[in-house]
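Student: Below is the file input_8.txt, which contains compact mmCIF, C-alpha atoms.
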# COMPACT_ATOMS: atom_id res chain seq x y z
CA MET O 161 6.66 -22.41 40.45
CA ALA O 162 4.64 -24.58 42.81
CA LYS O 163 2.82 -27.44 41.14
CA SER O 164 -0.95 -27.66 41.35
CA LYS O 165 -3.76 -29.57 39.69
CA TYR O 166 -4.36 -26.57 37.45
CA GLU O 167 -0.93 -26.69 35.87
CA TYR O 168 -2.24 -28.78 32.97
CA VAL O 169 -3.52 -25.55 31.35
CA LYS O 170 0.06 -24.85 30.26
CA ASN O 171 -0.42 -27.58 27.66
CA PHE O 172 -2.63 -25.20 25.71
CA GLU O 173 0.22 -22.72 25.15
CA VAL O 174 1.52 -22.60 21.57
CA ASN O 175 5.11 -23.55 20.90
CA ASP O 176 6.32 -20.59 18.82
CA PHE O 177 10.09 -21.11 18.81
CA LEU O 178 11.51 -19.69 15.58
CA LEU O 179 13.65 -21.81 13.28
CA PRO O 180 17.38 -21.63 14.00
CA ASP O 181 19.97 -20.03 11.73
CA CYS O 182 17.47 -17.69 10.06
CA TRP O 183 17.45 -13.90 10.11
CA ILE O 184 14.60 -12.64 12.28
CA VAL O 185 12.74 -9.52 11.18
CA ILE O 186 10.27 -7.84 13.50
CA ARG O 187 8.24 -5.24 11.63
CA ILE O 188 6.34 -2.64 13.59
CA ASP O 189 3.53 -0.64 11.94
CA GLY O 190 1.47 2.24 13.22
CA HIS O 191 -2.14 1.20 13.81
CA THR O 192 -4.71 3.54 12.16
CA PHE O 193 -1.96 6.14 11.73
CA HIS O 194 -3.92 7.72 8.88
CA LYS O 195 -6.23 9.07 11.56
CA PHE O 196 -3.46 9.67 14.09
CA VAL O 197 -1.38 11.94 11.83
CA LYS O 198 -4.49 13.87 10.79
CA ASP O 199 -5.62 14.38 14.38
CA HIS O 200 -2.13 15.53 15.36
CA ASP O 201 -1.73 17.88 12.41
CA PHE O 202 1.29 16.26 10.76
CA LYS O 203 2.67 18.23 7.83
CA LYS O 204 1.94 16.94 4.32
CA PRO O 205 3.36 15.11 2.46
CA ASN O 206 6.04 14.44 5.11
CA ASP O 207 6.56 15.59 8.65
CA GLU O 208 10.23 15.26 9.47
CA ARG O 209 9.50 15.52 13.18
CA GLY O 210 7.47 12.31 13.03
CA LEU O 211 10.16 10.47 11.06
CA ARG O 212 12.91 11.52 13.46
CA LEU O 213 10.74 10.49 16.39
CA MET O 214 10.41 7.01 14.84
CA ASN O 215 14.20 6.88 14.44
CA GLU O 216 14.80 7.81 18.07
CA CYS O 217 12.41 5.07 19.17
CA ALA O 218 14.38 2.62 17.02
CA LYS O 219 17.59 3.72 18.72
CA VAL O 220 16.03 3.02 22.13
CA VAL O 221 15.19 -0.51 20.99
CA PHE O 222 18.69 -0.93 19.55
CA ASN O 223 20.31 0.03 22.84
CA GLN O 224 18.12 -2.47 24.69
CA PHE O 225 18.73 -5.56 22.53
CA GLN O 226 22.35 -6.28 21.64
CA ASP O 227 21.60 -8.87 18.94
CA LEU O 228 20.05 -6.29 16.64
CA VAL O 229 22.15 -5.61 13.56
CA LEU O 230 20.01 -3.20 11.54
CA ALA O 231 16.63 -1.51 11.27
CA PHE O 232 14.96 0.17 8.32
CA GLY O 233 12.05 2.55 8.63
CA HIS O 234 9.87 4.93 6.68
CA SER O 235 6.51 6.56 7.32
CA ASP O 236 4.97 4.76 10.31
CA GLU O 237 6.83 1.45 10.04
CA MET O 238 10.15 0.11 11.31
CA SER O 239 11.72 -3.27 10.53
CA PHE O 240 14.22 -4.63 13.06
CA VAL O 241 16.71 -7.33 12.05
CA LEU O 242 18.01 -9.75 14.66
CA HIS O 243 21.12 -11.73 13.84
CA LYS O 244 20.44 -15.25 12.61
CA SER O 245 22.46 -16.71 15.50
CA THR O 246 20.52 -14.93 18.24
CA THR O 247 19.10 -16.93 21.12
CA LEU O 248 17.32 -13.94 22.59
CA PHE O 249 14.32 -15.16 24.63
CA ASN O 250 14.92 -18.61 23.13
CA ARG O 251 13.76 -17.22 19.77
CA ARG O 252 10.13 -17.23 20.88
CA ALA O 253 8.15 -15.20 18.34
CA SER O 254 5.47 -13.98 20.72
CA LYS O 255 8.02 -12.89 23.30
CA LEU O 256 10.18 -11.04 20.80
CA GLN O 257 7.49 -9.15 18.94
CA SER O 258 5.55 -8.21 22.09
CA LEU O 259 8.66 -6.83 23.78
CA PHE O 260 9.82 -4.94 20.71
CA VAL O 261 6.47 -3.33 19.98
CA SER O 262 5.75 -2.44 23.61
CA LEU O 263 9.16 -0.78 24.08
CA PHE O 264 8.80 1.05 20.77
CA ALA O 265 5.30 2.32 21.62
CA ALA O 266 6.33 3.39 25.12
CA SER O 267 9.32 5.25 23.68
CA TYR O 268 7.08 6.99 21.13
CA VAL O 269 4.95 8.41 23.92
CA GLN O 270 7.90 9.31 26.15
CA LEU O 271 9.89 11.01 23.37
CA TRP O 272 6.92 12.76 21.74
CA PRO O 273 7.45 16.12 23.57
CA GLN O 274 11.02 16.35 22.24
CA PHE O 275 9.69 16.54 18.67
CA PHE O 276 6.15 17.92 19.10
CA ASN O 277 6.58 20.15 22.15
CA ASP O 278 3.89 22.54 20.90
CA PHE O 279 1.32 19.80 20.25
CA PRO O 280 0.46 17.47 23.17
CA LEU O 281 -0.77 13.98 22.42
CA LYS O 282 -4.56 13.87 22.12
CA TYR O 283 -4.61 10.12 22.67
CA LEU O 284 -2.18 7.21 22.82
CA PRO O 285 -0.76 5.83 19.57
CA SER O 286 -0.73 2.09 19.00
CA PHE O 287 1.41 -0.20 16.88
CA ASP O 288 1.09 -3.76 15.64
CA SER O 289 3.97 -6.13 14.93
CA ARG O 290 4.79 -9.31 13.09
CA THR O 291 7.76 -11.67 12.99
CA ILE O 292 9.21 -12.97 9.72
CA LEU O 293 12.08 -15.38 9.07
CA TYR O 294 14.51 -15.08 6.15
CA PRO O 295 16.76 -18.04 5.36
CA ASN O 296 19.86 -16.29 4.00
CA ASP O 297 21.57 -12.95 3.36
CA ARG O 298 20.24 -12.57 -0.16
CA VAL O 299 16.59 -12.93 0.84
CA LEU O 300 17.08 -10.61 3.81
CA ARG O 301 18.59 -7.96 1.52
CA ASP O 302 15.72 -8.44 -0.92
CA TYR O 303 13.27 -7.80 1.93
CA LEU O 304 15.05 -4.57 2.90
CA SER O 305 15.24 -3.54 -0.77
CA TRP O 306 11.49 -4.10 -1.07
CA ARG O 307 10.85 -1.79 1.87
CA GLN O 308 13.11 0.92 0.45
CA VAL O 309 11.51 0.70 -3.00
CA ASP O 310 8.12 0.94 -1.28
CA CYS O 311 9.35 4.07 0.52
CA HIS O 312 10.32 5.69 -2.80
CA ILE O 313 7.08 4.75 -4.59
CA ASN O 314 4.88 5.99 -1.76
CA ASN O 315 6.84 9.19 -1.25
CA LEU O 316 6.83 10.14 -4.93
CA TYR O 317 3.08 9.60 -5.09
CA ASN O 318 2.42 11.51 -1.86
CA THR O 319 4.68 14.37 -2.92
CA CYS O 320 2.73 14.73 -6.18
CA PHE O 321 -0.65 14.25 -4.50
CA TRP O 322 -0.18 16.85 -1.77
CA THR O 323 1.52 19.31 -4.13
CA LEU O 324 -1.55 19.15 -6.36
CA VAL O 325 -3.81 19.71 -3.34
CA LEU O 326 -1.84 22.29 -1.35
CA ILE O 327 -0.29 24.29 -4.22
CA GLY O 328 -2.34 23.27 -7.25
CA ASN O 329 -5.66 23.86 -5.43
CA GLN O 330 -7.09 20.52 -6.51
CA THR O 331 -9.42 18.55 -4.29
CA GLU O 332 -8.13 15.22 -3.01
CA GLN O 333 -10.45 13.44 -5.46
CA GLN O 334 -9.14 15.53 -8.38
CA ALA O 335 -5.53 14.88 -7.39
CA GLU O 336 -6.21 11.18 -7.24
CA GLN O 337 -7.66 11.25 -10.76
CA THR O 338 -4.74 13.32 -12.06
CA LEU O 339 -2.25 10.73 -10.83
CA LYS O 340 -4.26 7.67 -11.76
CA GLY O 341 -2.19 5.35 -13.95
CA THR O 342 0.89 7.58 -14.03
CA LEU O 343 4.40 6.14 -13.84
CA SER O 344 7.45 7.59 -12.06
CA ASP O 345 8.66 9.59 -15.08
CA ALA O 346 5.28 11.30 -15.46
CA LYS O 347 5.15 12.15 -11.76
CA ASN O 348 8.64 13.67 -11.87
CA GLU O 349 7.66 15.64 -14.97
CA LEU O 350 4.48 16.89 -13.31
CA LEU O 351 6.38 18.18 -10.29
CA PHE O 352 9.00 19.93 -12.41
CA THR O 353 6.93 21.43 -15.22
CA ARG O 354 3.93 22.52 -13.16
CA PHE O 355 5.52 23.39 -9.83
CA ASN O 356 9.25 23.77 -10.53
CA ILE O 357 10.03 21.03 -8.03
CA ASN O 358 12.99 18.75 -8.76
CA TYR O 359 12.17 15.53 -6.93
CA ASN O 360 15.88 14.62 -6.83
CA ASN O 361 16.41 17.56 -4.48
CA GLU O 362 13.91 16.32 -1.92
CA PRO O 363 15.48 15.30 1.43
CA GLN O 364 16.97 11.83 1.46
CA ILE O 365 15.08 10.91 4.62
CA PHE O 366 11.85 11.21 2.60
CA LYS O 367 13.08 9.37 -0.50
CA LYS O 368 15.31 6.68 1.00
CA GLY O 369 13.91 6.13 4.49
CA SER O 370 16.11 5.61 7.54
CA ILE O 371 18.74 2.96 8.17
CA VAL O 372 19.63 2.35 11.81
CA PHE O 373 22.72 0.28 12.56
CA LYS O 374 25.71 -0.12 14.84
CA ASP O 375 28.64 1.85 13.48
CA PHE O 376 32.20 2.22 14.69
CA ILE O 377 33.90 5.47 15.63
CA THR O 378 37.55 5.94 16.53
CA LYS O 379 38.32 8.09 19.56
CA THR O 380 41.63 9.22 20.99
CA VAL O 381 41.79 8.70 24.75
CA THR O 382 44.45 8.81 27.42
CA ASN O 383 45.64 5.48 28.78
CA SER O 384 45.22 5.78 32.53
CA ALA O 385 48.15 3.45 33.21
CA THR O 386 50.75 4.96 30.85
CA GLY O 387 49.42 8.45 30.23
CA GLN O 388 49.85 7.94 26.50
CA LEU O 389 47.25 8.78 23.88
CA VAL O 390 45.71 5.71 22.25
CA GLU O 391 43.03 5.19 19.65
CA VAL O 392 40.05 3.02 20.56
CA LYS O 393 37.08 1.90 18.48
CA ARG O 394 33.63 2.21 19.96
CA LYS O 395 30.22 1.16 18.75
CA ILE O 396 27.50 3.75 18.36
CA VAL O 397 23.97 3.55 16.97
CA SER O 398 23.86 5.58 13.74
CA VAL O 399 20.98 6.70 11.55
CA ILE O 400 21.62 7.42 7.87
CA HIS O 401 19.51 7.90 4.75
CA GLU O 402 21.03 6.29 1.69
CA ASP O 403 20.67 3.49 -0.83
CA LEU O 404 20.85 -0.02 0.62
CA ILE O 405 19.73 -1.84 -2.51
CA ASN O 406 23.12 -1.78 -4.24
CA ASP O 407 26.22 -3.47 -2.88
CA GLU O 408 28.08 -0.33 -1.82
CA PHE O 409 26.30 0.10 1.52
CA TRP O 410 26.96 -3.53 2.48
CA ASN O 411 30.55 -3.64 1.20
CA ARG O 412 31.46 -0.64 3.34
CA ARG O 413 29.83 -2.21 6.41
CA ALA O 414 30.53 -5.90 6.05
CA TRP O 415 30.24 -6.41 9.81
CA ILE O 416 26.47 -5.93 9.74
CA LEU O 417 25.76 -9.34 8.24
CA SER O 418 28.88 -11.11 9.49
CA GLU O 419 28.77 -10.46 13.24
How does the structure come out when it is put into structure tokens?

Tutor:
Amino acid sequence: MAKSKYEYVKNFEVNDFLLPDCWIVIRIDGHTFHKFVKDHDFKKPNDERGLRLMNECAKVVFNQFQDLVLAFGHSDEMSFVLHKSTTLFNRRASKLQSLFVSLFAASYVQLWPQFFNDFPLKYLPSFDSRTILYPNDRVLRDYLSWRQVDCHINNLYNTCFWTLVLIGNQTEQQAEQTLKGTLSDAKNELLFTRFNINYNNEPQIFKKGSIVFKDFITKTVTNSATGQLVEVKRKIVSVIHEDLINDEFWNRRAWILSE
């Protein structure tokens, strides 16, 4: 870049390099999605089309940035985890979060017709993002556990709330009062005794959220030089819906935190 007398203005830019050797989490949240889902007639309490659209957007981001190791999402949010050793964009917070959220938002618009082909977008969705650092594996896992617990709490409440409204013929205000102060056991009991709904049988994507990560598959291919069949391992981006709070998920996929 050619030098000029105006170049001094660069001194006003903020140095936002993230600390080294820390896990980087970039969390993306839908902006005013309460209104967006209402205006676009999302099903209550969950619209699986919207959740799978979010997951596909996460896969686009995963395929773009190789240092991603995992993402967790539910409702209108998605948390992306960059490996603690990454030097992507020199670990500049503003660069990372702006690129992630812009690619995610663009993908949401581009992929929308694949999931809502009978309902065109009325207006463009928007997302905000933030960058958080976690110093070690334990704290990172606690963060992801917090998001999954939040998914469960919110989904159980919303399942009860909209069941009372849509099937129980209560107003939204009445449903809110019915659930006020209730704990998980009481909500499960309400669903089962009044509506014959066993919450345990609800789809895992609603209860557990979505985990996006790089998995390995083994494929049998023909060696072009020898003509023999050989097995090769390849990475793919997978989306699953299971518990990540306990050790089992991590023990079976030790490479996620060790790459």

Student: Pick the closest to O:Gly210 from O:Asn358, O:Gln274, O:Ser239, O:Thr192: which is it, counting all atoms listed in the file?

Tutor: O:Gln274

Student: Determine the nearest neighbour of O:Glu332 from the options O:Leu248, O:Val229, O:Ile188, O:Cys320, counting only C-alpha atoms.

Tutor: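 Counting only C-alpha atoms, the residue closest to O:Glu332 is O:Cys320.
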
Student: Which polymer residues have any atom within 8 Å of an atom of stretch 178-183 of chain O, counting all atoms listed in the file, with same-chain residues fewer than 4 positions away left out, as an NGL selection string?

Tutor: :O and (241-245 or 251-253 or 293-297 or 300)

Student: What's the 9 Å shell around O:Asp199, counting all atoms listed in the file, without same-chain residues fewer than 4 positions away, as a ChimeraX atom specification?

Tutor: /O:194-195,282

Student: With C-alpha atoms kept, could you save the residues just selected as a CSV table (one decimal), in the frame of the given file?

Tutor:
chain,number,residue,atom,x,y,z
O,194,HIS,CA,-3.9,7.7,8.9
O,195,LYS,CA,-6.2,9.1,11.6
O,282,LYS,CA,-4.6,13.9,22.1

Student: Tell me, in Å to one decimal, how far atom CA of O:Ile292 is from atom CA of O:Gln257.

Tutor: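 Between atom CA of O:Ile292 and atom CA of O:Gln257 the gap is 10.1 Å.
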
Student: Just give me the gap between atom CA of O:Pro280 and atom CA of O:Arg209 in Å, one decimal is fine.

Tutor: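 These two atoms are separated by 13.6 Å.
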
Student: When you count all atoms listed in the file, which of these residues is closest to O:Asp207: O:Glu167, O:Asp236, O:Asp302, O:Asp375?

Tutor: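 Of the candidates, the smallest distance to O:Asp207 is held by O:Asp236.
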
Student: Could you state the separation of atom CA of O:His200 and atom CA of O:Thr319 in Å, given to one decimal place?

Tutor: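 These atoms are spaced 19.5 Å apart.
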
Student: Please determine, counting all atoms listed in the file, which residue among O:Cys311, O:Val299, O:Ala414, O:Ile400 has the shortest atom-to-atom distance to O:Asn215.

Tutor: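 Result for the nearest residue to O:Asn215: O:Ile400.
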
Student: Do you know which residues are at most 12 Å from stretch 378-395 of chain O counting all atoms listed in the file, after dropping those on the same chain fewer than 6 positions away, and could you put them as a ChimeraX atom specification?

Tutor: /O:222-223,226,229,415

Student: Write out as a list in words each polymer residue whose atoms come within 9 Å of stretch 342-355 of chain O, counting only C-alpha atoms; drop sequence neighbours fewer than 6 positions from it.

Tutor: Ile313, Leu316, Tyr317, Thr319, Cys320, Thr323, Leu324, Ile327 and Gly328 of chain O

Student: List as a list in words the protein and nucleic acid residues near O:Lys203, meaning an atom at most 12 Å away when all atoms listed in the file are counted, but skip any in the same chain fewer than 5 places from it.

Tutor: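 Non-adjacent residues within range: Val197, Lys198, Glu208, Arg209, Gly210, Leu211, Phe276, Asn318, Thr319, Trp322 and Leu326 of chain O.
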
Student: Considering only C-alpha atoms, state which residue in the set O:His191, O:Leu230, O:Val261, O:Ser286 is at the smallest distance from O:Lys374.

Tutor: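 That would be O:Leu230, the residue with the smallest distance to O:Lys374.
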
Student: Have a look at O:Ser418, O:Asn360, O:Ser267, O:Ser235 and name the one nearest to O:Asp310; count only C-alpha atoms.

Tutor: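 Counting only C-alpha atoms, the residue closest to O:Asp310 is O:Ser235.
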
Student: Where atoms are absent from stretch 362-376 of chain O, fill them in so it carries N, CA, C and O atoms, then output it as a PDB file, in the coordinates of the input.

Tutor:
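Ended up saving to result11.pdb:
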ATOM      1  N   GLU O 362      14.649  16.546  -3.159  1.00  0.00           N
ATOM      2  CA  GLU O 362      13.910  16.320  -1.920  1.00  0.00           C
ATOM      3  C   GLU O 362      14.834  15.655  -0.893  1.00  0.00           C
ATOM      4  O   GLU O 362      15.760  14.933  -1.251  1.00  0.00           O
ATOM      5  N   PRO O 363      14.611  15.890   0.395  1.00  0.00           N
ATOM      6  CA  PRO O 363      15.480  15.300   1.430  1.00  0.00           C
ATOM      7  C   PRO O 363      15.558  13.789   1.330  1.00  0.00           C
ATOM      8  O   PRO O 363      14.565  13.112   1.073  1.00  0.00           O
ATOM      9  N   GLN O 364      16.751  13.272   1.565  1.00  0.00           N
ATOM     10  CA  GLN O 364      16.970  11.830   1.460  1.00  0.00           C
ATOM     11  C   GLN O 364      16.127  11.045   2.462  1.00  0.00           C
ATOM     12  O   GLN O 364      15.720   9.917   2.176  1.00  0.00           O
ATOM     13  N   ILE O 365      15.869  11.615   3.615  1.00  0.00           N
ATOM     14  CA  ILE O 365      15.080  10.910   4.620  1.00  0.00           C
ATOM     15  C   ILE O 365      13.682  10.601   4.091  1.00  0.00           C
ATOM     16  O   ILE O 365      13.082   9.583   4.455  1.00  0.00           O
ATOM     17  N   PHE O 366      13.167  11.447   3.194  1.00  0.00           N
ATOM     18  CA  PHE O 366      11.850  11.210   2.600  1.00  0.00           C
ATOM     19  C   PHE O 366      11.924  10.154   1.492  1.00  0.00           C
ATOM     20  O   PHE O 366      11.037   9.306   1.373  1.00  0.00           O
ATOM     21  N   LYS O 367      12.981  10.232   0.685  1.00  0.00           N
ATOM     22  CA  LYS O 367      13.080   9.370  -0.500  1.00  0.00           C
ATOM     23  C   LYS O 367      13.648   7.990  -0.192  1.00  0.00           C
ATOM     24  O   LYS O 367      13.251   7.002  -0.811  1.00  0.00           O
ATOM     25  N   LYS O 368      14.583   7.922   0.747  1.00  0.00           N
ATOM     26  CA  LYS O 368      15.310   6.680   1.000  1.00  0.00           C
ATOM     27  C   LYS O 368      14.910   5.996   2.300  1.00  0.00           C
ATOM     28  O   LYS O 368      15.278   4.834   2.533  1.00  0.00           O
ATOM     29  N   GLY O 369      14.199   6.703   3.184  1.00  0.00           N
ATOM     30  CA  GLY O 369      13.910   6.130   4.490  1.00  0.00           C
ATOM     31  C   GLY O 369      15.104   6.241   5.404  1.00  0.00           C
ATOM     32  O   GLY O 369      16.078   6.949   5.120  1.00  0.00           O
ATOM     33  N   SER O 370      15.060   5.525   6.516  1.00  0.00           N
ATOM     34  CA  SER O 370      16.110   5.610   7.540  1.00  0.00           C
ATOM     35  C   SER O 370      16.692   4.234   7.823  1.00  0.00           C
ATOM     36  O   SER O 370      15.959   3.273   8.037  1.00  0.00           O
ATOM     37  N   ILE O 371      18.021   4.176   7.836  1.00  0.00           N
ATOM     38  CA  ILE O 371      18.740   2.960   8.170  1.00  0.00           C
ATOM     39  C   ILE O 371      19.385   3.162   9.541  1.00  0.00           C
ATOM     40  O   ILE O 371      20.150   4.107   9.738  1.00  0.00           O
ATOM     41  N   VAL O 372      19.068   2.282  10.460  1.00  0.00           N
ATOM     42  CA  VAL O 372      19.630   2.350  11.810  1.00  0.00           C
ATOM     43  C   VAL O 372      20.544   1.143  11.983  1.00  0.00           C
ATOM     44  O   VAL O 372      20.144   0.012  11.697  1.00  0.00           O
ATOM     45  N   PHE O 373      21.763   1.386  12.430  1.00  0.00           N
ATOM     46  CA  PHE O 373      22.720   0.280  12.560  1.00  0.00           C
ATOM     47  C   PHE O 373      23.812   0.655  13.547  1.00  0.00           C
ATOM     48  O   PHE O 373      23.950   1.819  13.928  1.00  0.00           O
ATOM     49  N   LYS O 374      24.579  -0.355  13.950  1.00  0.00           N
ATOM     50  CA  LYS O 374      25.710  -0.120  14.840  1.00  0.00           C
ATOM     51  C   LYS O 374      26.944   0.191  14.010  1.00  0.00           C
ATOM     52  O   LYS O 374      27.397  -0.633  13.223  1.00  0.00           O
ATOM     53  N   ASP O 375      27.463   1.386  14.211  1.00  0.00           N
ATOM     54  CA  ASP O 375      28.640   1.850  13.480  1.00  0.00           C
ATOM     55  C   ASP O 375      29.822   1.910  14.442  1.00  0.00           C
ATOM     56  O   ASP O 375      29.663   1.784  15.656  1.00  0.00           O
ATOM     57  N   PHE O 376      30.997   2.105  13.881  1.00  0.00           N
ATOM     58  CA  PHE O 376      32.200   2.220  14.690  1.00  0.00           C
ATOM     59  C   PHE O 376      32.769   3.628  14.547  1.00  0.00           C
ATOM     60  O   PHE O 376      32.827   4.172  13.443  1.00  0.00           O
TER      61      PHE O 376
END
